Each structure stands twice: as C-alpha cells, then as structure tokens.
Amino acid sequence: MTKIALFGTSADPPTAGHQSIIRWLSTHFDWVGIWASDNPYKDHQTSLDHRIAMLKLLIDNIDPPRHNIYLSKKLSHRHSLISVAKAKEIWGENAAYYLVIGSDLVKQIRQWYRINQLLAKVSILIIPRPGYTINESDLHALEEIGGNYEIADLNAPEVSSTAYRKYGNENVLIQPIQDYIHQEKLYA
C-alpha cells in the first residue's frame with residue numbers, strides 16, 4: 001500500500017529544521033504532501049504565498065534532490081481535515097495517510113476541528129522537537145479519542161521559526177530563504 005505523509009506547516013519562515021523533516025519524510029514515505037497553512041492557533045507575519053515560495057526554495061535545496069515531494073497551495077487549509085480530503089483527491093482512497101505533527105502539538109491536537117473525523121482518516125506521525133516532551137498521558141488521551149500514532153525516529157535540529165522572528169537568528173535558515181527574506185523585505 002502506498003504510504004503518504006501529509007505535512008502542513010506554518011513555515012513562518014521555513015527553517016533548516018523543516019528541511020530535515022521533509023528530507024526524512026521523503027526517504028520513509030512514497031509521497032510527501034507539503035503545504036503552508038494558516039494555523040488557527042497562531043498569528044502569521046507573512047502571507048501564505050510568501051511562505052509557499054520559501055517552502056519551494058527549501059525543497060529545491062534538498063540534496064540529493066527528491067522527486068516524491070509534492071508542494072501545493074491546493075492542500076492548504078486552516079483545518080487539517082479539509083487538507084486530508086484534498087490529498088485524497090490527489091492520491092486516492094487506497095493509500096495509508098499519515099498526518100505529520102510536531103511533539104509540541106500532541107496536547108493541542110485534541111481541540112482541532114472535527115478531530116474524531118480526522119483521526120478516522122489518518123494516522124498521526126509525531127516528530128520529536130527539542131524542548132517538547134511527549135507525555136504518556138497525552139498519547140493515552142489521543143488513543144482514547146481514536147488516534148493511531150507513531151513517533152518518528154528523527155532528531156530534528158533545535159531550530160524554530162520563532163527564534164528567527166523574535167531574535168533574528170539567521171542560522172536557523174538556509175541561504176536561499178535568507179536571500180528571499182531580504183529581497184522581499186519580510187520580517188522587518
């Protein structure tokens with residue numbers, strides 16, 4: 001059965017951490033669907049179009065190049081349930097879908113839009129994030145509402161978009177994204 005990872009991210013801006021996650025996903029799944037999302041729990045500083053353009057730069061900069069990564073604005077929706085439905089229009093019903101979330105979202109996911117319907121359509125792939133412990137009680141609560149999950153064996157770098165936005169730490173960004181931000185005068 002085809003395995004498809006679905007990775008919606010705020011990517012405000014996308015970091016080297018996002019790139020390492022996408023690279024890892026592309027080696028463990030048949031397809032990786034990527035989109036920039038307007039997370040209803042966050043304020044965004046840049047438009048969806050800019051964030052998608054930066055994600056494209058990030059994906060294009062993966063070495064060696066991967067040909068199973070599908071970046072599309074079509075997948076973008078503020079509710080993951082809608083993004084999953086759009087993914088199924090692309091890849092069909094006869095695939096195993098994994099919604100990728102960071103360990104920082106394990107507790108929050110239970111409040112997501114129509115979570116029971118979402119969990120009936122996907123398994124959850126949890127990406128460990130430095131500084132965000134995965135609590136057994138949160139995993140148990142996820143199971144109680146019907147969530148099947150796996151925890152990725154990935155050690156993503158300790159970088160975040162917030163570190164860039166708050167402190168201007170360009171070390172978290174790859175050079176093409178730094179250049180794009182300066183060219184477009186973003187995050188001023």
# chains A, B, ... in the order shown; residues from 1 in each chain; ligands from 1

$ residues_around --residues "range 131-148 of chain A" --least-positions-apart "5" --cutoff "10 Å" --atoms "only C-alpha atoms" --output "count of residues only"
23

$ select_by_dssp --residues "range 15-174 of chain A" --states "strand (DSSP E or B)" --output "number ranges by chain"
A: 31-36, 69-71, 95-102, 123-127, 129, 132, 149-151

$ write_last_selection --atoms "C-alpha atoms" --output "PDB file, in the first residue's frame"
ATOM      1  CA  TRP A  31       4.846  10.576  -1.308  1.00  0.00           C
ATOM      2  CA  VAL A  32       5.118  13.640   0.905  1.00  0.00           C
ATOM      3  CA  GLY A  33       2.396  16.272   0.586  1.00  0.00           C
ATOM      4  CA  ILE A  34       3.567  19.669   1.834  1.00  0.00           C
ATOM      5  CA  TRP A  35       1.668  22.906   2.292  1.00  0.00           C
ATOM      6  CA  ALA A  36       1.918  26.163   4.169  1.00  0.00           C
ATOM      7  CA  ILE A  69       7.707  15.720  -2.588  1.00  0.00           C
ATOM      8  CA  TYR A  70       4.508  17.443  -3.644  1.00  0.00           C
ATOM      9  CA  LEU A  71       4.205  21.093  -2.590  1.00  0.00           C
ATOM     10  CA  ALA A  95      -3.329   4.722   0.486  1.00  0.00           C
ATOM     11  CA  ALA A  96      -2.168   4.935   4.087  1.00  0.00           C
ATOM     12  CA  TYR A  97      -2.156   8.577   5.150  1.00  0.00           C
ATOM     13  CA  TYR A  98      -0.022   9.933   7.987  1.00  0.00           C
ATOM     14  CA  LEU A  99      -0.575  13.450   9.289  1.00  0.00           C
ATOM     15  CA  VAL A 100       2.752  14.820  10.494  1.00  0.00           C
ATOM     16  CA  ILE A 101       2.771  16.955  13.646  1.00  0.00           C
ATOM     17  CA  GLY A 102       5.483  18.193  15.956  1.00  0.00           C
ATOM     18  CA  SER A 123      -2.572   8.019  11.464  1.00  0.00           C
ATOM     19  CA  ILE A 124      -0.566  10.640  13.322  1.00  0.00           C
ATOM     20  CA  LEU A 125       3.198  10.768  12.863  1.00  0.00           C
ATOM     21  CA  ILE A 126       4.766  12.688  15.741  1.00  0.00           C
ATOM     22  CA  ILE A 127       8.087  14.399  15.068  1.00  0.00           C
ATOM     23  CA  ARG A 129      11.040  18.540  18.835  1.00  0.00           C
ATOM     24  CA  TYR A 132       8.826  19.480  23.855  1.00  0.00           C
ATOM     25  CA  TYR A 149       0.124   7.290  16.148  1.00  0.00           C
ATOM     26  CA  GLU A 150       3.790   6.596  15.539  1.00  0.00           C
ATOM     27  CA  ILE A 151       6.763   8.562  16.814  1.00  0.00           C
TER      28      ILE A 151
END

$ closest_atom_pairs --of "range 36-121 of chain A" --to "range 165-177 of chain A" --cutoff "9 Å" --atoms "only C-alpha atoms" --output "CSV"
residue,atom,partner,partner_atom,distance
A:Gln45,CA,A:Arg165,CA,8.8
A:Met54,CA,A:Ile177,CA,6.0
A:Leu55,CA,A:Ile177,CA,8.6
A:Leu57,CA,A:Pro176,CA,6.5
A:Leu58,CA,A:Ile177,CA,7.2
A:Asn61,CA,A:Pro176,CA,8.1

$ write_last_selection --atoms "N, CA and C atoms" --output "PDB file, in the first residue's frame"
ATOM      1  N   GLN A  45       3.017  36.302  10.260  1.00  0.00           N
ATOM      2  CA  GLN A  45       3.611  37.579   9.900  1.00  0.00           C
ATOM      3  C   GLN A  45       3.728  37.763   8.394  1.00  0.00           C
ATOM      4  N   MET A  54       8.832  30.255  -0.075  1.00  0.00           N
ATOM      5  CA  MET A  54      10.003  29.875   0.727  1.00  0.00           C
ATOM      6  C   MET A  54      10.083  28.360   0.897  1.00  0.00           C
ATOM      7  N   LEU A  55       8.931  27.692   1.054  1.00  0.00           N
ATOM      8  CA  LEU A  55       8.955  26.224   1.133  1.00  0.00           C
ATOM      9  C   LEU A  55       9.497  25.622  -0.158  1.00  0.00           C
ATOM     10  N   LEU A  57      11.710  26.961  -2.147  1.00  0.00           N
ATOM     11  CA  LEU A  57      13.168  27.137  -2.070  1.00  0.00           C
ATOM     12  C   LEU A  57      13.784  26.082  -1.153  1.00  0.00           C
ATOM     13  N   LEU A  58      13.145  25.812  -0.052  1.00  0.00           N
ATOM     14  CA  LEU A  58      13.636  24.828   0.914  1.00  0.00           C
ATOM     15  C   LEU A  58      13.690  23.435   0.290  1.00  0.00           C
ATOM     16  N   ASN A  61      16.294  22.907  -2.367  1.00  0.00           N
ATOM     17  CA  ASN A  61      17.640  22.893  -1.819  1.00  0.00           C
ATOM     18  C   ASN A  61      17.972  21.581  -1.098  1.00  0.00           C
TER      19      ASN A  61
END

$ residues_around --residues "Arg51 in chain A" --least-positions-apart "3" --cutoff "8 Å" --atoms "only C-alpha atoms" --output "JSON, numbers by chain"
{"A": [10, 11, 12, 13, 14, 36, 46, 47, 48, 54, 55]}
